[in-house]
>>> print(open('input.txt').read())   # compact mmCIF, C-alpha atoms and all ligand atoms
# COMPACT_ATOMS: atom_id res chain seq x y z
CA MET A 121 -39.63 64.38 -48.80
CA GLY A 122 -37.30 67.07 -50.09
CA ALA A 123 -38.92 67.68 -53.48
CA GLY A 124 -36.08 69.88 -54.73
CA LEU A 125 -33.28 67.33 -54.39
CA SER A 126 -32.52 65.27 -57.48
CA PHE A 127 -29.59 63.00 -56.76
CA ARG A 128 -29.38 59.75 -58.61
CA PRO A 129 -30.44 57.04 -56.17
CA ARG A 130 -27.74 54.65 -54.96
CA ILE A 131 -28.42 51.14 -56.25
CA ARG A 132 -26.78 48.16 -54.56
CA PRO A 133 -27.06 44.92 -56.54
CA ARG A 134 -27.32 41.42 -55.00
CA GLU A 135 -27.97 42.23 -51.36
CA ARG A 136 -29.61 39.96 -48.77
CA LEU A 137 -33.09 40.81 -47.50
CA SER A 138 -32.14 39.76 -43.96
CA ARG A 139 -30.04 42.94 -43.68
CA PHE A 140 -33.22 45.01 -44.06
CA SER A 141 -35.45 43.03 -41.69
CA SER A 142 -35.68 43.52 -37.92
CA ILE A 143 -35.96 39.73 -37.47
CA ARG A 144 -32.96 39.18 -39.80
CA ILE A 145 -34.71 36.80 -42.17
CA GLY A 146 -34.68 36.79 -45.97
CA GLY A 147 -32.65 35.55 -48.93
CA PRO A 148 -31.06 37.33 -51.92
CA VAL A 149 -32.71 40.31 -53.61
CA GLY A 150 -32.01 41.65 -57.12
CA ALA A 151 -31.13 45.15 -55.87
CA VAL A 152 -31.63 47.54 -52.98
CA VAL A 153 -32.04 51.26 -53.52
CA SER A 154 -32.13 53.92 -50.80
CA VAL A 155 -34.47 56.82 -51.45
CA SER A 156 -34.75 60.02 -49.46
CA SER A 157 -36.41 62.53 -51.77
CA ALA A 158 -39.41 62.71 -54.08
CA ALA A 159 -37.06 63.34 -57.00
CA GLU A 160 -35.11 60.16 -56.23
CA MET A 161 -38.36 58.21 -55.99
CA GLU A 162 -39.49 59.53 -59.36
CA GLU A 163 -36.16 58.46 -60.82
CA VAL A 164 -36.59 54.95 -59.35
CA PHE A 165 -40.01 54.60 -61.00
CA SER A 166 -38.64 55.81 -64.31
CA LEU A 167 -35.58 53.46 -64.16
CA LYS A 168 -37.96 50.59 -63.47
CA CYS A 169 -40.19 51.67 -66.35
CA ARG A 170 -37.17 51.73 -68.71
CA GLY A 171 -36.14 48.23 -67.53
CA GLU A 172 -32.94 49.56 -65.90
CA MET A 173 -33.91 48.41 -62.44
CA PRO A 174 -35.10 44.88 -61.63
CA GLY A 175 -38.83 44.70 -60.91
CA PRO A 176 -41.07 44.37 -59.05
CA LEU A 177 -40.44 47.18 -56.56
CA VAL A 178 -41.13 46.52 -52.87
CA PHE A 179 -41.14 49.52 -50.51
CA VAL A 180 -39.72 49.18 -47.06
CA GLY A 181 -39.02 51.34 -44.02
CA ARG A 182 -37.21 49.50 -41.21
CA GLY A 183 -38.58 46.08 -42.21
CA SER A 184 -39.97 45.79 -38.69
CA ASN A 185 -43.22 44.20 -39.80
CA ILE A 186 -42.25 42.10 -42.85
CA LEU A 187 -41.46 38.40 -43.06
CA PHE A 188 -39.22 38.20 -46.14
CA PRO A 189 -38.87 34.95 -48.11
CA ASP A 190 -35.89 32.60 -47.62
CA GLN A 191 -35.61 32.15 -51.38
CA GLY A 192 -35.44 35.94 -51.88
CA PHE A 193 -36.88 37.68 -54.91
CA GLU A 194 -35.58 39.09 -58.16
CA GLY A 195 -36.96 42.59 -57.84
CA THR A 196 -35.78 45.74 -56.06
CA LEU A 197 -36.19 46.65 -52.40
CA VAL A 198 -36.79 50.40 -52.22
CA ARG A 199 -35.74 51.59 -48.76
CA LEU A 200 -37.18 54.93 -47.60
CA GLU A 201 -34.64 56.82 -45.50
CA PRO A 202 -34.65 60.25 -43.85
CA ALA A 203 -33.14 63.00 -46.01
CA ALA A 204 -29.58 63.88 -45.01
CA LEU A 205 -29.50 67.32 -46.58
CA SER A 206 -32.93 68.76 -45.78
CA SER A 207 -35.10 68.65 -42.68
CA PRO A 208 -37.32 65.55 -42.62
CA LEU A 209 -39.72 67.37 -40.24
CA ARG A 210 -41.54 70.61 -41.06
CA TRP A 211 -43.47 72.07 -38.12
CA THR A 212 -46.17 74.68 -38.47
CA GLU A 213 -47.05 77.19 -35.79
CA ASN A 214 -50.27 75.40 -34.86
CA GLY A 215 -48.43 72.19 -33.89
CA GLU A 216 -48.90 70.31 -37.17
CA VAL A 217 -45.91 68.63 -38.71
CA TYR A 218 -45.15 67.22 -42.16
CA VAL A 219 -42.87 64.21 -41.73
CA GLU A 220 -41.02 62.38 -44.48
CA ALA A 221 -41.78 58.70 -44.96
CA GLY A 222 -38.34 57.43 -43.94
CA TYR A 223 -38.29 59.22 -40.59
CA PRO A 224 -38.15 56.88 -37.56
CA LEU A 225 -41.18 56.87 -35.24
CA PRO A 226 -39.17 56.92 -31.97
CA ALA A 227 -37.28 60.04 -33.13
CA LEU A 228 -40.59 61.67 -34.09
CA ALA A 229 -42.03 60.91 -30.63
CA ARG A 230 -38.95 62.39 -28.94
CA GLU A 231 -39.00 65.51 -31.11
CA ALA A 232 -42.73 66.15 -30.53
CA SER A 233 -42.32 65.66 -26.76
CA ARG A 234 -39.35 68.00 -26.68
CA ARG A 235 -41.56 70.66 -28.28
CA GLY A 236 -44.45 69.96 -25.93
CA VAL A 237 -46.70 68.60 -28.69
CA GLY A 238 -48.74 65.81 -27.10
CA GLY A 239 -50.22 62.65 -28.60
CA PHE A 240 -47.08 61.24 -30.24
CA GLU A 241 -45.71 59.47 -27.14
CA PHE A 242 -47.10 56.02 -28.05
CA LEU A 243 -44.87 55.99 -31.15
CA SER A 244 -41.72 56.01 -29.00
CA GLY A 245 -41.40 52.21 -28.79
CA ILE A 246 -42.49 51.32 -32.33
CA PRO A 247 -39.29 50.73 -34.32
CA GLY A 248 -40.69 51.63 -37.76
CA THR A 249 -40.96 54.68 -40.00
CA VAL A 250 -43.72 57.13 -40.84
CA GLY A 251 -44.20 55.35 -44.20
CA GLY A 252 -44.62 51.96 -42.54
CA ALA A 253 -46.95 53.42 -39.91
CA SER A 254 -49.11 55.06 -42.61
CA VAL A 255 -49.51 51.68 -44.29
CA MET A 256 -49.99 49.59 -41.12
CA ASN A 257 -51.81 52.20 -39.01
CA ALA A 258 -49.33 51.40 -36.28
CA GLY A 259 -50.62 51.76 -32.76
CA ALA A 260 -50.14 51.01 -29.09
CA GLY A 261 -51.86 51.63 -25.79
CA GLY A 262 -55.21 52.48 -27.41
CA ARG A 263 -53.73 55.10 -29.79
CA ASP A 264 -52.97 54.67 -33.46
CA PHE A 265 -51.35 56.54 -36.33
CA ALA A 266 -54.81 57.47 -37.69
CA SER A 267 -55.45 59.52 -34.52
CA LEU A 268 -52.57 61.84 -35.50
CA CYS A 269 -52.90 61.81 -39.26
CA LYS A 270 -54.38 64.66 -41.30
CA SER A 271 -53.19 63.41 -44.71
CA VAL A 272 -50.72 61.11 -46.43
CA THR A 273 -48.74 62.16 -49.51
CA VAL A 274 -48.13 59.40 -52.03
CA MET A 275 -46.46 59.03 -55.44
CA SER A 276 -47.94 56.72 -58.07
CA PRO A 277 -45.73 54.62 -60.39
CA SER A 278 -46.28 57.29 -63.08
CA GLY A 279 -44.73 59.91 -60.77
CA LEU A 280 -48.00 61.63 -59.87
CA VAL A 281 -47.93 63.06 -56.32
CA THR A 282 -51.27 63.12 -54.47
CA THR A 283 -52.22 64.18 -50.96
CA VAL A 284 -54.82 61.79 -49.59
CA PRO A 285 -56.92 63.13 -46.67
CA ALA A 286 -56.84 60.81 -43.63
CA GLU A 287 -60.58 60.12 -44.01
CA GLN A 288 -59.84 58.58 -47.41
CA MET A 289 -56.98 56.38 -46.18
CA GLY A 290 -59.29 53.58 -45.04
CA PHE A 291 -57.54 53.33 -41.66
CA GLY A 292 -58.70 50.40 -39.53
CA TYR A 293 -57.15 48.18 -36.89
CA ARG A 294 -53.54 47.85 -38.21
CA THR A 295 -54.75 48.35 -41.78
CA SER A 296 -55.17 51.06 -44.41
CA ARG A 297 -56.00 51.22 -48.09
CA LEU A 298 -52.28 50.82 -48.72
CA SER A 299 -51.91 47.65 -46.65
CA LEU A 300 -54.56 46.05 -48.84
CA SER A 301 -52.65 46.95 -52.01
CA GLY A 302 -49.27 45.53 -53.09
CA SER A 303 -49.30 41.98 -54.40
CA HIS A 304 -46.26 40.66 -52.49
CA PHE A 305 -48.01 40.07 -49.21
CA ARG A 306 -50.74 37.71 -48.14
CA ARG A 307 -53.87 39.87 -48.04
CA PRO A 308 -57.49 40.04 -49.17
CA ALA A 309 -58.06 40.05 -52.94
CA SER A 310 -56.95 43.28 -54.65
CA SER A 311 -59.60 45.94 -54.77
CA GLY A 312 -58.15 47.61 -57.88
CA ASP A 313 -57.56 50.70 -55.72
CA PRO A 314 -56.09 53.68 -57.62
CA LEU A 315 -53.42 53.82 -54.87
CA ASP A 316 -52.12 50.33 -55.84
CA GLY A 317 -48.35 50.48 -56.39
CA SER A 318 -48.00 53.94 -54.76
CA VAL A 319 -45.24 54.81 -52.32
CA VAL A 320 -45.76 56.98 -49.25
CA LEU A 321 -43.60 60.13 -49.40
CA GLY A 322 -44.72 61.64 -46.10
CA ALA A 323 -47.62 62.46 -43.80
CA LEU A 324 -49.11 65.57 -42.22
CA LEU A 325 -49.71 64.93 -38.53
CA ALA A 326 -51.30 66.92 -35.72
CA GLY A 327 -50.86 66.48 -31.99
CA ARG A 328 -52.39 68.45 -29.15
CA PRO A 329 -50.92 71.17 -26.97
CA GLY A 330 -49.03 69.86 -23.96
CA SER A 331 -45.97 70.61 -21.91
CA PRO A 332 -42.55 69.10 -22.64
CA GLU A 333 -42.38 67.72 -19.07
CA GLU A 334 -45.74 65.93 -19.29
CA CYS A 335 -45.03 64.59 -22.78
CA GLN A 336 -41.59 63.32 -21.80
CA ALA A 337 -42.92 61.65 -18.65
CA LEU A 338 -45.59 59.84 -20.68
CA LEU A 339 -43.03 58.85 -23.33
CA LEU A 340 -40.79 57.34 -20.66
CA ARG A 341 -43.73 55.42 -19.18
CA HIS A 342 -44.42 53.90 -22.63
CA LEU A 343 -40.78 52.86 -23.01
CA GLU A 344 -40.50 51.43 -19.51
CA TYR A 345 -43.66 49.37 -19.98
CA ARG A 346 -42.22 47.92 -23.18
CA LYS A 347 -38.86 47.14 -21.63
CA LYS A 348 -40.65 45.22 -18.87
CA THR A 349 -43.02 43.28 -21.12
CA GLN A 350 -41.33 42.81 -24.53
CA PRO A 351 -38.14 41.03 -25.68
CA LEU A 352 -36.66 44.20 -27.19
CA GLU A 353 -33.07 42.96 -27.23
CA GLU A 354 -33.94 40.01 -29.52
CA PRO A 355 -34.71 40.17 -33.26
CA SER A 356 -38.48 40.08 -33.87
CA LEU A 357 -41.32 41.59 -35.88
CA GLY A 358 -43.30 42.80 -32.87
CA SER A 359 -46.77 41.29 -32.46
CA VAL A 360 -47.24 38.35 -34.80
CA PHE A 361 -51.04 38.10 -34.56
CA ARG A 362 -53.80 40.69 -34.45
CA ASN A 363 -55.88 40.77 -31.29
CA PRO A 364 -59.07 38.83 -32.11
CA SER A 365 -62.49 40.43 -31.81
CA GLY A 366 -64.20 37.26 -30.46
CA GLY A 367 -63.04 35.33 -27.44
CA PRO A 368 -63.12 35.96 -23.71
CA PRO A 369 -63.28 39.70 -22.83
CA GLY A 370 -59.84 41.23 -22.28
CA TYR A 371 -58.01 38.34 -23.92
CA THR A 372 -55.33 39.58 -26.30
CA ALA A 373 -53.67 37.29 -28.85
CA GLY A 374 -50.68 37.11 -26.50
CA ARG A 375 -52.82 35.95 -23.57
CA LEU A 376 -54.57 33.30 -25.68
CA ILE A 377 -51.16 31.95 -26.78
CA GLU A 378 -49.71 32.10 -23.29
CA GLU A 379 -52.67 30.31 -21.71
CA ALA A 380 -52.48 27.64 -24.43
CA GLY A 381 -49.06 26.88 -22.87
CA LEU A 382 -47.03 27.92 -25.91
CA LYS A 383 -44.39 30.29 -24.48
CA GLY A 384 -40.93 28.97 -25.34
CA THR A 385 -42.20 26.73 -28.18
CA CYS A 386 -39.65 26.56 -31.03
CA ARG A 387 -39.55 25.65 -34.68
CA GLY A 388 -35.93 25.63 -35.80
CA GLY A 389 -34.40 28.96 -34.80
CA ILE A 390 -37.71 30.77 -34.14
CA MET A 391 -39.24 30.75 -30.66
CA VAL A 392 -42.41 32.04 -29.01
CA SER A 393 -40.84 34.57 -26.65
CA PRO A 394 -40.96 33.53 -23.00
CA ARG A 395 -41.35 37.28 -22.22
CA HIS A 396 -44.31 38.04 -24.54
CA ALA A 397 -46.25 35.21 -26.18
CA ASN A 398 -47.29 37.28 -29.22
CA PHE A 399 -43.64 37.90 -30.16
CA PHE A 400 -41.65 35.29 -32.12
CA VAL A 401 -37.91 35.83 -31.74
CA ASN A 402 -35.01 34.71 -33.90
CA THR A 403 -32.63 32.78 -31.65
CA GLY A 404 -29.87 32.98 -34.27
CA THR A 405 -30.51 30.60 -37.15
CA GLY A 406 -34.22 31.23 -37.71
CA CYS A 407 -35.57 31.40 -41.26
CA GLU A 408 -38.88 32.13 -42.99
CA ARG A 409 -39.80 28.42 -43.06
CA ASP A 410 -39.32 28.13 -39.27
CA PHE A 411 -41.42 31.27 -38.73
CA ARG A 412 -44.24 30.00 -40.95
CA GLU A 413 -44.21 26.57 -39.28
CA LEU A 414 -44.41 28.15 -35.83
CA LEU A 415 -47.17 30.51 -36.99
CA GLU A 416 -49.23 27.56 -38.31
CA TYR A 417 -48.60 25.52 -35.16
CA VAL A 418 -49.53 28.33 -32.75
CA SER A 419 -52.68 29.15 -34.80
CA LEU A 420 -53.71 25.50 -34.70
CA ARG A 421 -53.15 25.12 -30.96
CA VAL A 422 -55.05 28.35 -30.19
CA ARG A 423 -57.93 27.20 -32.38
CA GLU A 424 -58.02 23.84 -30.57
CA ARG A 425 -57.81 25.42 -27.12
CA TRP A 426 -60.07 28.46 -27.61
CA GLY A 427 -61.98 27.94 -30.88
CA ILE A 428 -60.51 31.26 -32.11
CA VAL A 429 -58.79 31.74 -35.48
CA LEU A 430 -55.82 34.12 -35.13
CA GLU A 431 -54.94 36.34 -38.10
CA PRO A 432 -51.33 37.44 -38.69
CA GLU A 433 -50.55 41.11 -38.07
CA VAL A 434 -47.10 40.78 -39.64
CA ARG A 435 -46.82 41.16 -43.42
CA VAL A 436 -46.32 37.58 -44.64
CA TRP A 437 -44.81 37.26 -48.11
CA ASN A 438 -47.05 35.54 -50.67
CA ALA A 439 -45.79 31.96 -50.98
C1 LIG B 501 -39.95 45.21 -31.19
C2 LIG B 501 -41.10 45.63 -32.05
C3 LIG B 501 -42.20 46.26 -31.48
C4 LIG B 501 -43.27 46.64 -32.28
N1 LIG B 501 -44.34 47.25 -31.68
C5 LIG B 501 -45.39 47.65 -32.43
C6 LIG B 501 -46.50 48.30 -31.84
O1 LIG B 501 -46.56 48.54 -30.62
N2 LIG B 501 -47.53 48.68 -32.64
C7 LIG B 501 -47.51 48.46 -33.98
O2 LIG B 501 -48.48 48.84 -34.66
N3 LIG B 501 -46.48 47.83 -34.57
C8 LIG B 501 -45.41 47.43 -33.84
N4 LIG B 501 -44.35 46.81 -34.45
C9 LIG B 501 -44.39 46.54 -35.91
C10 LIG B 501 -43.81 47.66 -36.80
O3 LIG B 501 -42.79 48.37 -36.13
C11 LIG B 501 -44.89 48.62 -37.30
O4 LIG B 501 -45.86 47.94 -38.09
C12 LIG B 501 -44.28 49.76 -38.15
O5 LIG B 501 -45.29 50.68 -38.49
C13 LIG B 501 -43.63 49.24 -39.43
O6 LIG B 501 -42.83 50.28 -39.94
P1 LIG B 501 -41.63 49.97 -40.95
O7 LIG B 501 -41.13 51.26 -41.44
O8 LIG B 501 -40.64 49.05 -40.34
O9 LIG B 501 -42.43 49.21 -42.10
P2 LIG B 501 -41.96 47.91 -42.87
O10 LIG B 501 -41.99 46.73 -41.96
O11 LIG B 501 -40.70 48.19 -43.61
O12 LIG B 501 -43.18 47.78 -43.92
C14 LIG B 501 -44.50 47.49 -43.44
C15 LIG B 501 -45.44 47.59 -44.65
O13 LIG B 501 -45.44 48.94 -45.11
C16 LIG B 501 -44.99 49.03 -46.46
N5 LIG B 501 -44.22 50.27 -46.53
C17 LIG B 501 -43.22 50.69 -45.70
N6 LIG B 501 -42.83 51.94 -46.05
C18 LIG B 501 -43.58 52.30 -47.13
C19 LIG B 501 -43.65 53.47 -47.94
N7 LIG B 501 -42.89 54.54 -47.71
N8 LIG B 501 -44.54 53.49 -48.97
C20 LIG B 501 -45.35 52.42 -49.20
N9 LIG B 501 -45.33 51.29 -48.47
C21 LIG B 501 -44.46 51.24 -47.45
C22 LIG B 501 -44.18 47.77 -46.70
O14 LIG B 501 -44.17 47.41 -48.06
C23 LIG B 501 -44.98 46.77 -45.85
O15 LIG B 501 -46.14 46.37 -46.53
C24 LIG B 501 -43.26 46.40 -33.68
C25 LIG B 501 -42.14 45.77 -34.26
C26 LIG B 501 -41.08 45.39 -33.46
C27 LIG B 501 -39.88 44.73 -34.09
>>> encode(input="input.txt", output="structure tokens", more="lines below")
Ligand SMILES: Cc1cc2nc3c(=O)[nH]c(=O)nc-3n(C[C@H](O)[C@H](O)[C@H](O)COP(=O)(O)OP(=O)(O)OC[C@H]3O[C@@H](n4cnc5c(N)ncnc54)[C@H](O)[C@@H]3O)c2cc1C
Amino acid sequence: MGAGLSFRPRIRPRERLSRFSSIRIGGPVGAVVSVSSAAEMEEVFSLKCRGEMPGPLVFVGRGSNILFPDQGFEGTLVRLEPAALSSPLRWTENGEVYVEAGYPLPALAREASRRGVGGFEFLSGIPGTVGGASVMNAGAGGRDFASLCKSVTVMSPSGLVTTVPAEQMGFGYRTSRLSLSGSHFRRPASSGDPLDGSVVLGALLAGRPGSPEECQALLLRHLEYRKKTQPLEEPSLGSVFRNPSGGPPGYTAGRLIEEAGLKGTCRGGIMVSPRHANFFVNTGTGCERDFRELLEYVSLRVRERWGIVLEPEVRVWNA
């Protein structure tokens, strides 16, 4: 993030969370603030501390992995966005790049490919930000964010900026230390991690040498595969469930759901996508309650059919 910029962040009161969610679900929120520099983030923490901004603070990138609550919440949604006045990407000569938290993953993949820096292509179809990917360890096609990450820079609620080496980020399958912190989402009990409440400001990433032609060809293959297999034109949160470790070899969560005969199953306005069984899509009027009911129903039917307990990959708000 552009550390030198110190504009007062723009605060919008009484917004709806659905506007900030890729599945277009979520009720009223106390305020939304857009942040695109470390200085703005520091100001947000200090406004919150002085009681001039409704708390709690919830950080969000593109909201492409969060199921927001229908009843909304009284706090502030802090939306990380790419800086308009400084470069959100800083390349070094050896192919490393520092990327600000609000920068979109597909744009990062395109930029790396254009430069002939390999390894970023799998990010091209993941509609989130670098901040969200640092928290979720986003991945696809056998690659994940951890495989690119050298370090993640975070700011604590007291304004302290720390660079955390990748080895200390606790990256696992779609998890990190940061996904286990933050009390708004269903998750394992808090570990009292010193990173609790911190926001990601950016990440230092490293690819491998390649050629622009090879990188772009691979990037296009990733995108074409997604277009063929995923309902990209409909509002969703991507994969709902994590792939289970038990179960028949090669069976993903999607295959377990599909072979349990659940494609096309609906609860209210939320449907198991007929294109990809691990995607739930909003057919227009879907809400959090519909999503939760479908999630419970699909979990139950998969458990009955396969004896496997599916765990959500999406960030489900604490009821
Ligand atoms: C069509 C579609 C396809 C998808 N495909 C994939 C895929 O192939 N692989 C995959 O892994 N995921 C996939 N996803 C899910 C999602 O895009 C990823 O999890 C992505 O990394 C989330 O990024 P985001 O910026 O939208 O994060 P959000 O959904 O906004 O947030 C996710 C979590 O990160 C936290 N967070 C976000 N930014 C910050 C920050 N700066 N500081 C601190 N905390 C923060 C949020 O509080 C939340 O806990 C897909 C989603 C969709 C809709």
>>> closest_residue(input="input.txt", among="A:Asn214, A:Ser356, A:Ser138, A:Gln336", to="ligand LIG 501 (chain B)", atoms="all atoms listed in the file")
A:Ser356
>>> residues_near_ligand(input="input.txt", ligand="ligand LIG 501 (chain B)", cutoff="7 Å", atoms="all atoms listed in the file", output="PyMOL selection string")
chain A and resi 142+178-186+200+221-222+245-253+255-260+294+298-299+318-321+352+355-359+435
>>> residues_around(input="input.txt", residues="stretch 373-382 of chain A", least_positions_apart="2", cutoff="12 Å", atoms="only C-alpha atoms", output="number ranges by chain")
A: 349-350, 358-371, 384-387, 391-400, 414-415, 417-433
>>> atom_distance(input="input.txt", atom1="atom CA of A:Glu333", atom2="atom CA of A:Val219")
22.9 Å
>>> residues_around(input="input.txt", residues="A:Leu137", least_positions_apart="2", cutoff="9 Å", atoms="only C-alpha atoms", output="number ranges by chain")
A: 135, 139-141, 144-149, 152, 188-190, 192-193, 197
>>> atom_distance(input="input.txt", atom1="atom CA of A:Gly171", atom2="atom CA of A:Gly195")
11.2 Å
>>> residues_around(input="input.txt", residues="A:Gly330", least_positions_apart="2", cutoff="7 Å", atoms="all atoms listed in the file", output="list in words")
Gly236, Val237, Gly238, Arg328, Pro332, Glu334 and Cys335 of chain A
>>> closest_residue(input="input.txt", among="A:Leu343, A:Ala204, A:Val155, A:Cys269", to="A:Gly239", atoms="all atoms listed in the file")
A:Cys269
>>> closest_residue(input="input.txt", among="A:Ser157, A:Ser233, A:Ser166, A:Thr196", to="A:Pro329", atoms="all atoms listed in the file")
A:Ser233
